[in-house]
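What follows is a short report on a single structure.
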Amino acid sequence: MNAPLTIILTGALVAASCSLVGTFLVLRKMALLGDAISHAVLPGIVIAFLFTNSLASFPALVGASVVGIATVFLVEALHRSRRLYEDTSIGVVFPALFSLGVILVSVYAGQVHIDTDCVLYGEIGLSNLDEWIVGGKSLGPRSIWVTGGVMLFDLLFVLAFYKELKLVSFDPDLAASIGYSPMLVHYLLMTVVSITVVASFESVGSILVVAMLVVPPAAAYLLSAQLINMILIAIAIAVASSAAGYAFARSVDCSIAGAMAFSAGLFFLAAFFASPRNGLVARIVLRWRLRERLTRQLLLLHLKARVTVEEARTLQPEDLVVRFGWSRSRIDRAVRRLRANGLIESSGGRLWLTQAGKAALDREGTAVLAHR
Amino acid sequence: MGISYTLWNVLLGATLLGLVGGVLGSFALLRRQSLLADALAHAALPGVCLAFLLTGQKSPGLLLAGAAATGVLGALCVILIVRGSQLIKEDSAIGIVLSVFFAFGIVLITKIQRMPSGNQSGLDKYLFGQVATLVTEDLWVMCGIIAIVVTTVAVFFKELRLLCFDRAFGASLGFPMRGLEVLLTCLLVMVVVVGLQIVGVVLMVSTLVTPAAAARQWTDRLGSMILVSGVLGMFGAVTGVLLSSASDSLPPGPTIVLVSSFVLVLSILFAPRRGILWARLRERAVRLRIRRENLLKDLYTLGERSQSWTVLTPLHTLTAMRGQPARELRKNSRVLAAQGLAMLSGDEVRLTESGLQAAEKVVRKHRLWEVYLTRRLELPTDHVHRDAEAMEHALTDDAVEQLEERLGSPVLDPHGKPIPPRIRP
């Protein structure tokens, strides 16, 4: 397999598995627990490395995952002891464990070939060089096997516990009341997050892991209100970020993992502004439309109220400027629209309700009319 | 022992950072912004790189200005994402800003390192901090920033306290709460920026939060918490730097963090009143007192049947009442005996005269509370016993006298049993 494909595939597999489990972290407002785990597993990785001399071996995976779960447990124990707030617990636990890891790396510098910078941004660029050789036969790059295995594992986990995860994420009380254990699901999820983080660590570093746990799911959250779609969109964004990040890193010559995470950020930015339903632009447009509709409704009601008083049958747009504090252009837009629908008439700078408008107003009420 | 120029600089820098980090960390902790501080630190990284890329210079003031700029931008982004999307929660927003800004910083750093001129830029020291490179110029910049922070906190202490504990009340008094928030965030960014050189981006949050979290265990007052937090911050810094300078393989930043974390663990365990050890001891004392009071009461109720309270009662009779093992009862009886409240002979126990008085006191509390519940809260008589079982151990003597007065000194409880009268001293 050639180098670019290996790198992109590794990145995509990591990103996809992180997004898969990250979706539930984002939904459960636990995004930062994922962040904490990704930092805190470092000592576990170093210790496992000391014993097995490899990062991607099975014992290393288990050892580091145990530290990951211990992190979650410690954070919750501190929080539940009511001596620290939850965010403070996270903020004190992961730096301590991460520091421990950095010190272990430094103390065992002769035996552990982990560069502290690589802890942060990995060595994905070298992932094609390390081949998995069994019985003298190369089975291709090991990173693909490891990250692919984790992807499969995460997929199986989510498929097996989809209903439970969904219920616990959206309504933990209901889940508990009908006999599921939110606690058990929580710890299962955290175990899977830990395993995912650890397995992804070597090739991509903690920074890509954190980004992929949170950013694609958050972007997908803005794009879909359905859990299954949210997961699929998150994975699609994650994979696209890997490819885009690789291309970007190649063209400007910089860290590939960093570029992949940064690309994910750009996707989020796009979703934040341009999501059809929840994007900033869509919401500004919606707010504008509501405002215009309200203008038309108030204008109609105002004209109707004046019909009963003979001498005030008509009014000038300037009166509305004074009455409602609206701008002239806002009034003009409303008048144009209502005239086009034949509900009001204007002549010589005066406005009045047409017979059709009056009848329609009596018949249907303003709310319906203003939609036209 | 001679202390080198470098070590002096390191010590001084780390101590100043410990002080100011501890002070501002208290506010970050109380305002639940511990992790926002983390995001700020990460967001400062691209600023350092951008400043270097744009100017090609490495003067600390310039790089720190860049760091402050993107740090503030990061804080704004968190707010914008939460308010603008109305869907993404704060934790996700922090995660997004933290990782994306940091990733951008990594992109820039690696880009700079691979430029022909950038090899020696040394910007990667901002990742984990590198105190050894501190020069006097850095220290002066730090001193300036610290002076600003400490002065601002001192001047606006009252307002900041309102912000931490009752924002709505502060706003109703006409204080500019939003302005104070902005001010506090700016100060936080300044401290984060100062800390980058010493502990680095990744561990910055610990410099702020860990000493504050430890200080929180020692006091309930904001003023003293800030003070303790500052002192603990300095202690962690000095100890960490000295430990790391004494060893070849202990990097200073992580060592400082570990020392502070150790102090936090000690504080959580042993701080007076709030510490877990103290709480356990207190709980144990209460539990034992409750058991002894129950024993007194049980002896009293047994004696009530025969109207003689000071006869010997076999322990197994008491076991039958509350399901307590005889071993436990014997232990409690011995304690009561030592206090002169009971006498233990073989497997039998009886109240002494003063034990009887103590027992009457407990029973009085129990039965008066039952009267209160039935009369004032109009609970049915078969619903009040369980509550009285708890309250008999909690009511103070004062409260009981007041209760009796308000109830008009009843003589019988709702079950028709006599309420022992107050003992005249």
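All residue names refer to the structure tokens as shown: chains lettered A, B, ... in order, residues numbered from 1 in each chain, ligands numbered from 1 in order.
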
So that each row is one residue of chain A with an atom at most 6 Å from chain B, can you give its shortest atom pair and the distance in Å to one decimal, using only C-alpha atoms, rows by chain and rising number, as JSON lines?
{"residue": "A:Ala31", "atom": "CA", "partner": "B:Ser92", "partner_atom": "CA", "distance": 5.3}
{"residue": "A:Thr88", "atom": "CA", "partner": "B:Ser34", "partner_atom": "CA", "distance": 5.6}
{"residue": "A:Val92", "atom": "CA", "partner": "B:Thr210", "partner_atom": "CA", "distance": 5.5}
{"residue": "A:Pro95", "atom": "CA", "partner": "B:Leu203", "partner_atom": "CA", "distance": 5.7}
{"residue": "A:Ala96", "atom": "CA", "partner": "B:Leu258", "partner_atom": "CA", "distance": 5.7}
{"residue": "A:Ser99", "atom": "CA", "partner": "B:Pro254", "partner_atom": "CA", "distance": 4.4}
{"residue": "A:Ile103", "atom": "CA", "partner": "B:Leu250", "partner_atom": "CA", "distance": 6.0}
{"residue": "A:Ser106", "atom": "CA", "partner": "B:Ser249", "partner_atom": "CA", "distance": 5.5}
{"residue": "A:Val107", "atom": "CA", "partner": "B:Ser249", "partner_atom": "CA", "distance": 5.1}
{"residue": "A:Ala211", "atom": "CA", "partner": "B:Ser99", "partner_atom": "CA", "distance": 5.0}
{"residue": "A:Val215", "atom": "CA", "partner": "B:Ile96", "partner_atom": "CA", "distance": 5.5}
{"residue": "A:Cys254", "atom": "CA", "partner": "B:Lys111", "partner_atom": "CA", "distance": 4.6}
{"residue": "A:Ser255", "atom": "CA", "partner": "B:Val107", "partner_atom": "CA", "distance": 5.4}
{"residue": "A:Gly258", "atom": "CA", "partner": "B:Ala103", "partner_atom": "CA", "distance": 4.5}
{"residue": "A:Ala259", "atom": "CA", "partner": "B:Val107", "partner_atom": "CA", "distance": 5.9}
{"residue": "A:Ala261", "atom": "CA", "partner": "B:Ala103", "partner_atom": "CA", "distance": 5.8}
{"residue": "A:Phe262", "atom": "CA", "partner": "B:Val100", "partner_atom": "CA", "distance": 5.3}
{"residue": "A:Gly265", "atom": "CA", "partner": "B:Val100", "partner_atom": "CA", "distance": 5.4}

Mind writing the picked residues with C-alpha atoms as a PDB file, in the first residue's frame?
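Listing of part.pdb after writing:
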ATOM      1  CA  ALA A  31     -16.997  15.871  25.828  1.00  0.00           C
ATOM      2  CA  THR A  88     -12.581  21.137  38.682  1.00  0.00           C
ATOM      3  CA  VAL A  92      -7.040  18.540  38.403  1.00  0.00           C
ATOM      4  CA  PRO A  95      -2.898  17.268  34.319  1.00  0.00           C
ATOM      5  CA  ALA A  96      -1.664  15.213  37.268  1.00  0.00           C
ATOM      6  CA  SER A  99       2.502  15.021  34.232  1.00  0.00           C
ATOM      7  CA  ILE A 103       7.960  12.343  33.989  1.00  0.00           C
ATOM      8  CA  SER A 106      11.734  11.434  30.969  1.00  0.00           C
ATOM      9  CA  VAL A 107      12.917   9.070  33.700  1.00  0.00           C
ATOM     10  CA  ALA A 211     -10.474  16.810  18.149  1.00  0.00           C
ATOM     11  CA  VAL A 215     -15.544  18.206  16.671  1.00  0.00           C
ATOM     12  CA  CYS A 254       3.320  20.680   8.414  1.00  0.00           C
ATOM     13  CA  SER A 255       2.050  18.160  10.999  1.00  0.00           C
ATOM     14  CA  GLY A 258      -2.601  18.761  13.317  1.00  0.00           C
ATOM     15  CA  ALA A 259      -3.865  19.523   9.834  1.00  0.00           C
ATOM     16  CA  ALA A 261      -7.787  18.159  13.380  1.00  0.00           C
ATOM     17  CA  PHE A 262      -7.737  21.665  11.990  1.00  0.00           C
ATOM     18  CA  GLY A 265     -12.519  22.514  12.829  1.00  0.00           C
TER      19      GLY A 265
END

Any chance you could list, as number ranges by chain, the residues in region 55-235 of chain B that come up helix (DSSP H, G or I) when DSSP is run on the backbone?
B: 55, 60-85, 90-113, 118-120, 125-128, 131-133, 136-155, 157-165, 167-172, 177-196, 200-218, 222-235

Per DSSP on the backbone, filter region 119-352 of chain B down to the residues in strand (DSSP E) and report them as a ChimeraX atom specification.
/B:313-314,342-345,348-351

Excluding region 153-155 of chain A and any residue of its chain fewer than 3 positions from it, enumerate the residues within 9 Å of it, using only C-alpha atoms, and give them as a VMD selection string.
chain A and resid 17 to 18 20 to 21 148 to 150 158 to 160 192 to 193 196

Selection export as a CSV table (one decimal), in the first residue's frame, atoms kept: N, CA and C atoms:
chain,number,residue,atom,x,y,z
A,17,SER,N,-13.6,6.1,14.3
A,17,SER,CA,-13.9,5.4,15.5
A,17,SER,C,-14.1,6.4,16.6
A,18,CYS,N,-13.3,7.5,16.6
A,18,CYS,CA,-13.4,8.5,17.7
A,18,CYS,C,-14.8,9.2,17.6
A,20,LEU,N,-17.5,8.0,16.3
A,20,LEU,CA,-18.5,7.1,16.6
A,20,LEU,C,-18.8,7.1,18.1
A,21,VAL,N,-17.8,7.0,18.9
A,21,VAL,CA,-18.0,7.0,20.4
A,21,VAL,C,-18.2,8.4,20.9
A,148,GLY,N,-8.0,-0.2,12.3
A,148,GLY,CA,-9.2,-0.9,11.8
A,148,GLY,C,-9.8,-1.8,12.8
A,149,GLY,N,-9.0,-2.5,13.6
A,149,GLY,CA,-9.5,-3.4,14.6
A,149,GLY,C,-10.4,-2.6,15.6
A,150,VAL,N,-9.9,-1.4,16.0
A,150,VAL,CA,-10.6,-0.6,17.0
A,150,VAL,C,-11.9,-0.1,16.4
A,158,VAL,N,-21.3,-0.3,19.5
A,158,VAL,CA,-22.4,0.6,19.3
A,158,VAL,C,-23.6,-0.2,18.7
A,159,LEU,N,-23.4,-1.1,17.8
A,159,LEU,CA,-24.5,-1.9,17.3
A,159,LEU,C,-25.1,-2.7,18.4
A,160,ALA,N,-24.3,-3.3,19.3
A,160,ALA,CA,-24.8,-4.2,20.3
A,160,ALA,C,-25.6,-3.4,21.3
A,192,VAL,N,-14.8,1.8,26.3
A,192,VAL,CA,-14.6,1.8,24.9
A,192,VAL,C,-13.9,3.1,24.5
A,193,VAL,N,-14.2,4.2,25.1
A,193,VAL,CA,-13.5,5.5,24.7
A,193,VAL,C,-12.0,5.3,25.1
A,196,THR,N,-10.3,3.1,22.5
A,196,THR,CA,-10.2,3.9,21.3
A,196,THR,C,-9.1,4.9,21.3

Minimum-distance residue to Val93 (chain A), chosen among B:Ala75, B:Leu281, B:Val265, B:Arg178 (using only C-alpha atoms):
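Checking each of B:Ala75, B:Leu281, B:Val265, B:Arg178 against Val93 (chain A), counting only C-alpha atoms, the winner is B:Val265.
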
Closest of A:Val210, A:Ala218, A:Leu74, A:Ala282 to Leu97 (chain A), counting only C-alpha atoms, is A:Leu74

At a cut-off of 8 Å, using only C-alpha atoms, what residues contact Ala334 (chain A)? Leave out same-chain residues fewer than 3 positions from it and give the result as a list in words.
Glu292, Thr295, Arg296, Leu299, Arg330, Ile331, Arg337 and Leu338 of chain A

Could you tell me how far CA of Ala67 (chain B) sits from CA of Leu196 (chain B), in Å to one decimal place?
9.0 Å

Find, counting only C-alpha atoms, the residue in B:Arg289, B:Glu348, B:Val199, B:Asp166 that gets nearest to Ala237 (chain B).
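Nearest to Ala237 (chain B): B:Val199.
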
Neighbour list for region 319-323 of chain A as a list in words, cut-off 12 Å, only C-alpha atoms, skip fewer than 4 positions in-chain:
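The contact residues come out as Thr295, Arg296, Leu298, Leu299, Leu300, His302, Leu303, Ala312, Thr314, Leu315, Ser327, Arg328, Ser329, Arg330, Ile331, Asp332, Ala334, Val335, Gly349, Arg350 and Leu351 of chain A.
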
Only C-alpha atoms, please: the residues just picked out, written as a PDB file, in the first residue's frame.
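Result file is again-v7.pdb:
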ATOM      1  CA  THR A 295     -44.692  43.639  10.820  1.00  0.00           C
ATOM      2  CA  ARG A 296     -47.384  42.625   8.341  1.00  0.00           C
ATOM      3  CA  LEU A 298     -49.412  44.409  13.137  1.00  0.00           C
ATOM      4  CA  LEU A 299     -49.953  46.570  10.053  1.00  0.00           C
ATOM      5  CA  LEU A 300     -53.133  44.694   9.131  1.00  0.00           C
ATOM      6  CA  HIS A 302     -53.670  48.499  12.869  1.00  0.00           C
ATOM      7  CA  LEU A 303     -55.566  49.211   9.656  1.00  0.00           C
ATOM      8  CA  ALA A 312     -59.220  57.585  10.388  1.00  0.00           C
ATOM      9  CA  THR A 314     -56.708  55.616   6.064  1.00  0.00           C
ATOM     10  CA  LEU A 315     -53.264  56.378   7.382  1.00  0.00           C
ATOM     11  CA  SER A 327     -37.861  52.030   9.796  1.00  0.00           C
ATOM     12  CA  ARG A 328     -39.450  53.350   6.589  1.00  0.00           C
ATOM     13  CA  SER A 329     -37.944  50.529   4.517  1.00  0.00           C
ATOM     14  CA  ARG A 330     -39.423  47.920   6.841  1.00  0.00           C
ATOM     15  CA  ILE A 331     -42.877  49.432   6.403  1.00  0.00           C
ATOM     16  CA  ASP A 332     -42.440  49.693   2.639  1.00  0.00           C
ATOM     17  CA  ALA A 334     -44.653  45.029   4.354  1.00  0.00           C
ATOM     18  CA  VAL A 335     -46.883  47.318   2.297  1.00  0.00           C
ATOM     19  CA  GLY A 349     -49.218  58.147   0.461  1.00  0.00           C
ATOM     20  CA  ARG A 350     -52.231  56.699   2.302  1.00  0.00           C
ATOM     21  CA  LEU A 351     -53.022  53.094   3.216  1.00  0.00           C
TER      22      LEU A 351
END

Quick one: residues within 6 Å of Asp413 (chain B), only C-alpha atoms, excluding same-chain residues fewer than 2 positions away - as an MDAnalysis selection string?
chainID B and resid 367 371 415:417

Just-selected residues, N, CA, C and O atoms written as a CSV table (one decimal), in the first residue's frame:
chain,number,residue,atom,x,y,z
B,367,ARG,N,-40.5,11.8,72.3
B,367,ARG,CA,-42.0,11.8,72.5
B,367,ARG,C,-42.5,13.2,72.2
B,367,ARG,O,-43.6,13.4,71.6
B,371,VAL,N,-45.3,14.4,69.4
B,371,VAL,CA,-46.5,15.2,69.7
B,371,VAL,C,-46.5,16.4,68.7
B,371,VAL,O,-47.5,16.7,68.1
B,415,HIS,N,-49.0,8.1,71.5
B,415,HIS,CA,-49.3,6.7,71.8
B,415,HIS,C,-49.8,6.5,73.2
B,415,HIS,O,-49.9,5.4,73.6
B,416,GLY,N,-49.9,7.6,74.0
B,416,GLY,CA,-50.4,7.5,75.3
B,416,GLY,C,-49.3,7.2,76.4
B,416,GLY,O,-49.6,6.9,77.5
B,417,LYS,N,-48.1,7.3,75.9
B,417,LYS,CA,-47.0,7.0,76.9
B,417,LYS,C,-46.6,8.4,77.5
B,417,LYS,O,-46.6,9.4,76.9
